[in-house]
Amino acid sequence: MMIHTENLTKQFNTVLAVDRLTLDIAEGEVFGFLGPNGAGKTTTVRMLTTLIGPTSGAATINGHQVGRDDQAIRRIVGILTESPGLYDNLSAEHNLHIYASLYEVADAAGQIEKYLRLFDLWERRFDPTATYSKGMKQKLAIARALLHEPRVLFLDEPTSGLDPEAARLVRESIAGLRKEGRTIFLCTHNLDEADRLCDRIGVFKTRMLVMDTPARLRSQLFGRRVVFHLRQADDAMAAAVARLPFVQAAQTVENKVLVTLDDPEVHNPDIVRALVGLGADVQFVGELRRSLEDVYLQLMKGSKE
Amino acid sequence: MNKIKTIIKKEWAEVFKNRWVLFSVIFMPLLMTAIPLVMLGVMRTDTSMEMDIDSGLDAGVPEAFRSFCPEDLSGSECFQVYMVSQFMLLFMITPLILPVNIAAYSIVGEKTTRSLEPLLATPITTMELLAGKNLAAVIPAVAATWLGFLIYAIGARLLIVSDKVVAALLNPLWWLGIIVGGPLLAILSVNFSLMVSSRVNDPRVAEQLSAVVIMPLMVLFFGQIAGFLILNTLLVIVLILLLIAVDALLVYLGVRLFQRETILTRWK
Ligand SMILES: Nc1ncnc2c1ncn2[C@@H]1O[C@H](COP(=O)(O)OP(=O)(O)OP(=O)(O)O)[C@@H](O)[C@H]1O
Ligand SMILES: [Mg+2]
């Protein structure tokens with residue numbers, strides 16, 4: 001396991017920020033850490049990158065124990081912090097040189113050029129970063145996190161505050177890093193982003209609420225939904241379908257019957273038969289995909305109660 | 001070592017972009033050098049004209065200082081030594097104030113750019129970071145102090161007629177004060193301002209602290225002018241020993257206080 005935590009907990013005076021987080025992330029995995037403001041995402045990243053100590057519990061990064069082998073962890077970990085934290089008066093190149101030296105990068109000039117070119121900042125490398133746009137700053141901060149070729153990358157909301165174009169660029173570069181086989185821990189509010197980039201998603205709010213692949217999260221939480229388009233639908237048909245033992249719920253919307261059930265591949269034919277038996281003309285049958293947003297909102301609603 | 005150097009170079013690149021800091025680093029030592037030199041120049045013209053009122057001038061020198069003057073100095077020569085010595089303490093202001101400016105801006109700079117978090121995520125040790133911040137403020141202050149004193153020493157040679165007065169002015173007491181005391185004062189000042197500016201968010205507030213740091217020096221200064229207190233070798237040595245103790249305490253506290261997590265949450 002690249003990242004392993006066990007009952008990791010952080011308490012700030014009166015605020016319990018992270019409550020007994022237990023987590024395993026394999027090498028090469030992209031893990032989406034999803035949660036509302038104040039959920040404790042940044043706090044978790046800070047603990048895993050040895051910036052703050054846990055109140056209790058334990059964590060290891062590539063076998064190195066947080067709190068004991070901190071220097072070893074810092075060498076193999078790269079972090080994009082919540083705010084880019086660049087030295088505004090200094091040029092992009094100067095910023096990267098400082099970090100290359102702190103990370104003891106062997107071929108500093110080469111690495112700096114590689115990443116400045118990759119993020120399309122090479123032409124502006126001598127300009128003070130104060131003159132950069134938000135997106136450019138974000139890209140430079142990601143470049144800075146990559147200089148020492150870390151095996152694990154922590155990205156704290158990499159696309160927040162960026163316009164769609166800049167956000168797309170950043171997402172594409174994350175997809176590129178994923179292909180290189182790096183382990184990525186991605187904090188985000190953006191569900192679509194998590195859905196597209198991540199192998200696994202954890203929905204977190206002080207505690208881990210659920211954790212699974214994006215596809216399974218959708219079906220697990222809601223069951224699956226199938227829509228039957230009929231020439232003419234009425235409520236009696238929905239009521240009859242709802243009485244079938246394997247159906248969780250059914251309703252009519254215009255000339256469609258919406259059915260929620262666990263296993264459409266097995267039971268759809270039964271439903272079709274039932275509908276035909278009631279005199280319906282079935283035109284199409286299709287599955288409705290839930291967005292991850294529904295999953296998320298549902299969970300947040302649940303965690304408030 | 002390399003990482004400390006990186007931090008120092010980074011601090012200088014950042015801090016000296018601030019005009020006020022740059023100005024204070026250049027202007028303050030110049031001023032502190034100019035004052036005693038101008039005094040010397042003025043008195044040279046005075047005494048060459050009125051050599052005969054030795055005894056009158058002599059009366060202006062406090063009894064305690066009289067004994068501090070080498071035996072073979074005339075009354076007016078002793079008066080020169082006395083007057084200029086009054087201003088020697090000005091050389092101590094530079095190592096006290098400059099580090100406050102530099103350290104305050106270097107910490108407030110980290111705060112405003114929020115650059116501390118990525119910095120602390122690198123494999124730099126907390127000691128290396130603190131050493132870098134310390135040296136970045138201490139080195140320019142000490143260099144400026146020493147340079148100022150060197151200019152003063154050369155200027156004094158050129159301005160003063162009497163070798164005996166020069167010898168009395170540039171006695172080991174002052175060399176000791178400047179060469180050993182200067183860095184000690186700078187270390188005191190930078191650690192004090194590291195602690196305070198980590199708690200405030202406005203560089204101006206941090207700077208007003210320089211007033212606090214130079215307070216004891218001002219007590220010495222006015223005490224000396226008022227004649228309560230004469231700086232002699234014994235007193236300077238006692239003060240230096242005191243400084244060493246205070247510095248050691250401050251450095252110890254700094255290392256104890258500034259763990260990564262506290263730096264991150266405090267310098268914010
Ligand atoms: N240094 C600190 N001292 C006290 N409380 C803190 C500190 N840092 C974070 N907290 C608290 O811990 C909780 C979690 O904060 P955290 O920044 O980890 O949330 P987050 O998930 O990153 O939120 P966001 O999406 O807004 O970035 C919050 O209630 C916050 O107020
Ligand atoms: Mg956060």
# chains A, B, ... in the order shown; residues from 1 in each chain; ligands from 1
$ residues_near_ligand --ligand "ligand 2" --cutoff "9 Å" --atoms "only C-alpha atoms and all ligand atoms" --output "PyMOL selection string"
chain A and resi 37-43+45+81-82+156-157+187-188
$ residues_around --residues "Leu118 (chain A)" --least-positions-apart "5" --cutoff "9 Å" --atoms "only C-alpha atoms" --output "list in words"
Glu113, Ala143 and Ser173 of chain A
$ select_by_dssp --residues "region 11-241 of chain B" --states "alpha helix (DSSP H)" --output "MDAnalysis selection string"
chainID B and resid 11:15 19:49 54:60 63:68 75:88 93:113 116:120 126:159 163:169 172:176 182:197 203:213 215:225 233:241
$ residues_around --residues "region 175-181 of chain B" --least-positions-apart "2" --cutoff "9 Å" --atoms "only C-alpha atoms" --output "list in words"
Phe91, Met92, Val142, Thr145, Trp146, Phe149, Leu170, Asn171, Pro172, Leu173, Pro183, Leu184, Leu185, Ala186, Val236, Ile237, Leu239, Ile240 and Leu243 of chain B
$ closest_residue --among "A:Pro158, A:Pro264, A:Gly279, A:Gly28" --to "ligand 1" --atoms "only C-alpha atoms and all ligand atoms"
A:Pro158
$ atom_distance --atom1 "CA of Met1 (chain A)" --atom2 "CA of Arg171 (chain A)"
24.8 Å
$ closest_residue --among "A:Asp70, A:Glu104, A:Asp163, A:Asp234" --to "Leu48 (chain A)" --atoms "only C-alpha atoms"
A:Asp70
$ atom_distance --atom1 "CA of Leu89 (chain B)" --atom2 "CA of Phe16 (chain B)"
26.4 Å
$ atom_distance --atom1 "CA of Leu299 (chain A)" --atom2 "CA of Ile52 (chain A)"
28.4 Å
$ interface_residues --of "chain A" --to "chain B" --cutoff "6 Å" --atoms "only C-alpha atoms" --output "JSON, numbers by chain"
{"A": [52, 71, 74, 85, 86, 102]}
$ residues_around --residues "region 189-206 of chain A" --least-positions-apart "5" --cutoff "7 Å" --atoms "only C-alpha atoms" --output "PDB file with N, CA and C atoms, in the first residue's frame"
ATOM      1  N   ALA A  17     -11.582  17.613  13.651  1.00  0.00           N
ATOM      2  CA  ALA A  17     -11.486  17.845  12.206  1.00  0.00           C
ATOM      3  C   ALA A  17     -11.495  16.540  11.419  1.00  0.00           C
ATOM      4  N   VAL A  18     -10.792  15.525  11.926  1.00  0.00           N
ATOM      5  CA  VAL A  18     -10.743  14.226  11.256  1.00  0.00           C
ATOM      6  C   VAL A  18     -10.962  13.149  12.309  1.00  0.00           C
ATOM      7  N   ASP A  19     -11.936  12.282  12.039  1.00  0.00           N
ATOM      8  CA  ASP A  19     -12.327  11.303  13.048  1.00  0.00           C
ATOM      9  C   ASP A  19     -12.046   9.877  12.579  1.00  0.00           C
ATOM     10  N   GLU A  29      -2.794   4.347  -7.816  1.00  0.00           N
ATOM     11  CA  GLU A  29      -4.221   4.639  -7.748  1.00  0.00           C
ATOM     12  C   GLU A  29      -4.463   6.147  -7.676  1.00  0.00           C
ATOM     13  N   VAL A  30      -5.559   6.588  -8.284  1.00  0.00           N
ATOM     14  CA  VAL A  30      -5.982   7.979  -8.115  1.00  0.00           C
ATOM     15  C   VAL A  30      -7.181   7.973  -7.191  1.00  0.00           C
ATOM     16  N   PHE A  31      -7.000   8.554  -6.030  1.00  0.00           N
ATOM     17  CA  PHE A  31      -8.041   8.530  -5.022  1.00  0.00           C
ATOM     18  C   PHE A  31      -8.675   9.909  -4.901  1.00  0.00           C
ATOM     19  N   GLY A  32      -9.990   9.963  -5.064  1.00  0.00           N
ATOM     20  CA  GLY A  32     -10.699  11.232  -4.928  1.00  0.00           C
ATOM     21  C   GLY A  32     -11.200  11.402  -3.513  1.00  0.00           C
ATOM     22  N   PHE A  33     -10.818  12.510  -2.889  1.00  0.00           N
ATOM     23  CA  PHE A  33     -11.225  12.768  -1.506  1.00  0.00           C
ATOM     24  C   PHE A  33     -12.234  13.905  -1.568  1.00  0.00           C
ATOM     25  N   LEU A  34     -13.500  13.517  -1.393  1.00  0.00           N
ATOM     26  CA  LEU A  34     -14.591  14.420  -1.669  1.00  0.00           C
ATOM     27  C   LEU A  34     -15.240  14.841  -0.369  1.00  0.00           C
ATOM     28  N   GLY A  35     -15.521  16.130  -0.234  1.00  0.00           N
ATOM     29  CA  GLY A  35     -16.195  16.552   0.985  1.00  0.00           C
ATOM     30  C   GLY A  35     -16.497  18.032   0.951  1.00  0.00           C
ATOM     31  N   PRO A  36     -17.490  18.466   1.719  1.00  0.00           N
ATOM     32  CA  PRO A  36     -17.863  19.892   1.720  1.00  0.00           C
ATOM     33  C   PRO A  36     -16.811  20.732   2.428  1.00  0.00           C
ATOM     34  N   ALA A  39     -14.727  19.914   5.853  1.00  0.00           N
ATOM     35  CA  ALA A  39     -14.873  18.478   6.077  1.00  0.00           C
ATOM     36  C   ALA A  39     -13.630  17.883   6.733  1.00  0.00           C
ATOM     37  N   GLY A  40     -12.481  18.567   6.560  1.00  0.00           N
ATOM     38  CA  GLY A  40     -11.230  18.032   7.099  1.00  0.00           C
ATOM     39  C   GLY A  40     -10.312  17.483   6.022  1.00  0.00           C
ATOM     40  N   ALA A 175      -4.623  13.768 -15.555  1.00  0.00           N
ATOM     41  CA  ALA A 175      -4.824  12.514 -16.287  1.00  0.00           C
ATOM     42  C   ALA A 175      -3.495  11.994 -16.822  1.00  0.00           C
ATOM     43  N   MET A 211     -16.853   4.793   0.515  1.00  0.00           N
ATOM     44  CA  MET A 211     -15.635   4.759  -0.271  1.00  0.00           C
ATOM     45  C   MET A 211     -15.789   3.630  -1.282  1.00  0.00           C
ATOM     46  N   ASP A 212     -15.714   3.952  -2.575  1.00  0.00           N
ATOM     47  CA  ASP A 212     -15.852   2.915  -3.592  1.00  0.00           C
ATOM     48  C   ASP A 212     -15.503   3.485  -4.961  1.00  0.00           C
ATOM     49  N   THR A 213     -15.634   2.690  -6.005  1.00  0.00           N
ATOM     50  CA  THR A 213     -15.412   3.222  -7.349  1.00  0.00           C
ATOM     51  C   THR A 213     -16.602   4.123  -7.682  1.00  0.00           C
ATOM     52  N   PRO A 214     -16.389   5.087  -8.576  1.00  0.00           N
ATOM     53  CA  PRO A 214     -17.493   5.991  -8.891  1.00  0.00           C
ATOM     54  C   PRO A 214     -18.735   5.237  -9.369  1.00  0.00           C
ATOM     55  N   LEU A 292     -23.013  11.532  -9.998  1.00  0.00           N
ATOM     56  CA  LEU A 292     -22.343  11.400  -8.726  1.00  0.00           C
ATOM     57  C   LEU A 292     -22.822  12.491  -7.768  1.00  0.00           C
ATOM     58  N   GLU A 293     -23.266  13.571  -8.369  1.00  0.00           N
ATOM     59  CA  GLU A 293     -23.758  14.679  -7.561  1.00  0.00           C
ATOM     60  C   GLU A 293     -24.942  14.239  -6.702  1.00  0.00           C
TER      61      GLU A 293
END
$ select_by_dssp --residues "region 112-291 of chain A" --states "strand (DSSP E)" --output "short mmCIF file (atom, residue, chain, number, x, y, z; two decimals) with N, CA and C atoms, in the first residue's frame"
data_model
loop_
_atom_site.label_atom_id
_atom_site.label_comp_id
_atom_site.auth_asym_id
_atom_site.auth_seq_id
_atom_site.Cartn_x
_atom_site.Cartn_y
_atom_site.Cartn_z
N VAL A 152 4.19 9.96 -4.75
CA VAL A 152 2.83 10.24 -4.29
C VAL A 152 2.58 11.74 -4.43
N LEU A 153 1.43 12.05 -4.98
CA LEU A 153 1.12 13.46 -5.19
C LEU A 153 -0.18 13.80 -4.47
N PHE A 154 -0.12 14.83 -3.63
CA PHE A 154 -1.33 15.30 -2.96
C PHE A 154 -1.76 16.59 -3.63
N LEU A 155 -2.98 16.60 -4.13
CA LEU A 155 -3.49 17.80 -4.80
C LEU A 155 -4.70 18.30 -4.03
N ASP A 156 -4.58 19.47 -3.42
CA ASP A 156 -5.69 20.01 -2.63
C ASP A 156 -6.48 20.99 -3.49
N THR A 183 0.83 7.72 -7.69
CA THR A 183 -0.30 7.65 -6.78
C THR A 183 -0.76 9.09 -6.53
N ILE A 184 -2.05 9.31 -6.72
CA ILE A 184 -2.54 10.68 -6.56
C ILE A 184 -3.69 10.72 -5.57
N PHE A 185 -3.56 11.64 -4.63
CA PHE A 185 -4.60 11.87 -3.63
C PHE A 185 -5.21 13.22 -3.97
N LEU A 186 -6.43 13.18 -4.48
CA LEU A 186 -7.03 14.39 -5.04
C LEU A 186 -8.20 14.88 -4.19
N CYS A 187 -8.02 16.03 -3.55
CA CYS A 187 -9.13 16.61 -2.80
C CYS A 187 -9.93 17.48 -3.75
N THR A 188 -11.22 17.36 -3.69
CA THR A 188 -12.01 18.20 -4.59
C THR A 188 -13.44 18.35 -4.12
N ARG A 200 -11.05 5.58 -7.41
CA ARG A 200 -11.87 5.35 -6.24
C ARG A 200 -12.18 6.69 -5.59
N ILE A 201 -13.33 6.76 -4.94
CA ILE A 201 -13.73 8.00 -4.31
C ILE A 201 -14.12 7.73 -2.87
N GLY A 202 -13.67 8.61 -2.00
CA GLY A 202 -14.12 8.56 -0.62
C GLY A 202 -14.90 9.82 -0.35
N VAL A 203 -16.12 9.66 0.13
CA VAL A 203 -16.89 10.85 0.51
C VAL A 203 -16.69 11.04 2.01
N PHE A 204 -16.21 12.23 2.34
CA PHE A 204 -15.69 12.45 3.68
C PHE A 204 -16.33 13.67 4.31
N LYS A 205 -16.71 13.53 5.55
CA LYS A 205 -17.12 14.70 6.32
C LYS A 205 -16.80 14.39 7.77
N ARG A 207 -15.76 12.15 9.14
CA ARG A 207 -15.57 10.70 9.06
C ARG A 207 -15.67 10.29 7.60
N MET A 208 -15.17 9.12 7.27
CA MET A 208 -15.36 8.62 5.91
C MET A 208 -16.78 8.07 5.84
N LEU A 209 -17.59 8.64 4.93
CA LEU A 209 -18.97 8.20 4.83
C LEU A 209 -19.11 6.97 3.95
N VAL A 210 -18.59 7.05 2.74
CA VAL A 210 -18.52 5.85 1.89
C VAL A 210 -17.25 5.93 1.07
N MET A 211 -16.85 4.79 0.51
CA MET A 211 -15.64 4.76 -0.27
C MET A 211 -15.79 3.63 -1.28
N ASP A 212 -15.71 3.95 -2.57
CA ASP A 212 -15.85 2.92 -3.59
C ASP A 212 -15.50 3.49 -4.96
N ARG A 224 -30.49 0.81 -9.06
CA ARG A 224 -30.41 1.34 -10.42
C ARG A 224 -31.80 1.70 -10.88
N ARG A 225 -31.85 2.60 -11.81
CA ARG A 225 -33.16 3.05 -12.28
C ARG A 225 -33.32 2.72 -13.76
N VAL A 226 -34.49 2.16 -14.05
CA VAL A 226 -34.77 1.79 -15.44
C VAL A 226 -36.03 2.53 -15.87
N VAL A 227 -36.02 3.02 -17.08
CA VAL A 227 -37.19 3.74 -17.57
C VAL A 227 -37.84 2.94 -18.70
N PHE A 228 -39.15 2.77 -18.58
CA PHE A 228 -39.93 2.07 -19.61
C PHE A 228 -40.79 3.09 -20.33
N HIS A 229 -40.50 3.29 -21.61
CA HIS A 229 -41.33 4.21 -22.40
C HIS A 229 -42.52 3.44 -22.96
N LEU A 230 -43.75 3.93 -22.65
CA LEU A 230 -44.96 3.24 -23.13
C LEU A 230 -45.71 4.16 -24.08
N VAL A 247 -38.83 -5.07 -6.94
CA VAL A 247 -38.84 -3.65 -7.29
C VAL A 247 -38.87 -2.81 -6.02
N GLN A 248 -37.99 -1.81 -5.96
CA GLN A 248 -37.97 -0.94 -4.78
C GLN A 248 -38.99 0.16 -4.87
N ALA A 249 -39.13 0.72 -6.08
CA ALA A 249 -40.10 1.81 -6.25
C ALA A 249 -40.43 1.94 -7.72
N ALA A 250 -41.64 2.46 -7.99
CA ALA A 250 -42.02 2.70 -9.38
C ALA A 250 -42.98 3.88 -9.43
N GLN A 251 -42.88 4.69 -10.48
CA GLN A 251 -43.79 5.82 -10.62
C GLN A 251 -43.97 6.15 -12.10
N THR A 252 -45.08 6.82 -12.41
CA THR A 252 -45.30 7.25 -13.80
C THR A 252 -44.96 8.71 -13.94
N VAL A 253 -44.26 9.01 -15.02
CA VAL A 253 -43.98 10.39 -15.37
C VAL A 253 -44.33 10.51 -16.85
N LYS A 256 -44.00 7.51 -19.19
CA LYS A 256 -42.88 6.65 -18.81
C LYS A 256 -43.15 6.06 -17.43
N VAL A 257 -42.68 4.85 -17.24
CA VAL A 257 -42.70 4.27 -15.90
C VAL A 257 -41.26 4.17 -15.43
N LEU A 258 -40.96 4.84 -14.30
CA LEU A 258 -39.60 4.82 -13.75
C LEU A 258 -39.54 3.78 -12.64
N VAL A 259 -38.60 2.84 -12.77
CA VAL A 259 -38.54 1.74 -11.81
C VAL A 259 -37.15 1.68 -11.17
N THR A 260 -37.12 1.60 -9.87
CA THR A 260 -35.84 1.45 -9.16
C THR A 260 -35.71 0.00 -8.71
N LEU A 261 -34.60 -0.64 -9.06
CA LEU A 261 -34.39 -2.04 -8.66
C LEU A 261 -32.90 -2.33 -8.66
N VAL A 282 -44.92 -1.44 -24.95
CA VAL A 282 -43.58 -0.99 -24.55
C VAL A 282 -42.79 -0.56 -25.77
N GLN A 283 -42.36 0.71 -25.77
CA GLN A 283 -41.63 1.23 -26.93
C GLN A 283 -40.12 1.10 -26.75
N PHE A 284 -39.59 1.60 -25.61
CA PHE A 284 -38.14 1.50 -25.33
C PHE A 284 -37.95 1.13 -23.88
N VAL A 285 -36.79 0.52 -23.59
CA VAL A 285 -36.38 0.32 -22.20
C VAL A 285 -34.94 0.83 -22.07
N GLY A 286 -34.68 1.64 -21.06
CA GLY A 286 -33.30 2.14 -20.90
C GLY A 286 -32.95 2.36 -19.45
N GLU A 287 -31.67 2.47 -19.18
CA GLU A 287 -31.24 2.72 -17.80
C GLU A 287 -30.95 4.22 -17.62
N LEU A 288 -31.37 4.75 -16.47
CA LEU A 288 -31.07 6.15 -16.14
C LEU A 288 -29.82 6.16 -15.29
#
$ residues_around --residues "Ala141 (chain A)" --least-positions-apart "5" --cutoff "9 Å" --atoms "only C-alpha atoms" --output "NGL selection string"
:A and (79-81 or 83-86 or 96 or 136 or 146)
$ write_last_selection --atoms "C-alpha atoms" --output "PDB file, in the first residue's frame"
ATOM      1  CA  ILE A  79       1.988  18.585  -2.537  1.00  0.00           C
ATOM      2  CA  LEU A  80      -0.154  21.195  -4.189  1.00  0.00           C
ATOM      3  CA  THR A  81      -1.353  23.232  -1.244  1.00  0.00           C
ATOM      4  CA  SER A  83      -3.269  28.224  -2.124  1.00  0.00           C
ATOM      5  CA  PRO A  84      -0.317  28.078  -4.520  1.00  0.00           C
ATOM      6  CA  GLY A  85       2.007  29.896  -2.075  1.00  0.00           C
ATOM      7  CA  LEU A  86       4.455  31.160  -4.665  1.00  0.00           C
ATOM      8  CA  LEU A  96      11.351  26.469  -8.988  1.00  0.00           C
ATOM      9  CA  MET A 136      -0.787  29.991 -14.479  1.00  0.00           C
ATOM     10  CA  LEU A 146       6.564  17.571  -9.436  1.00  0.00           C
TER      11      LEU A 146
END
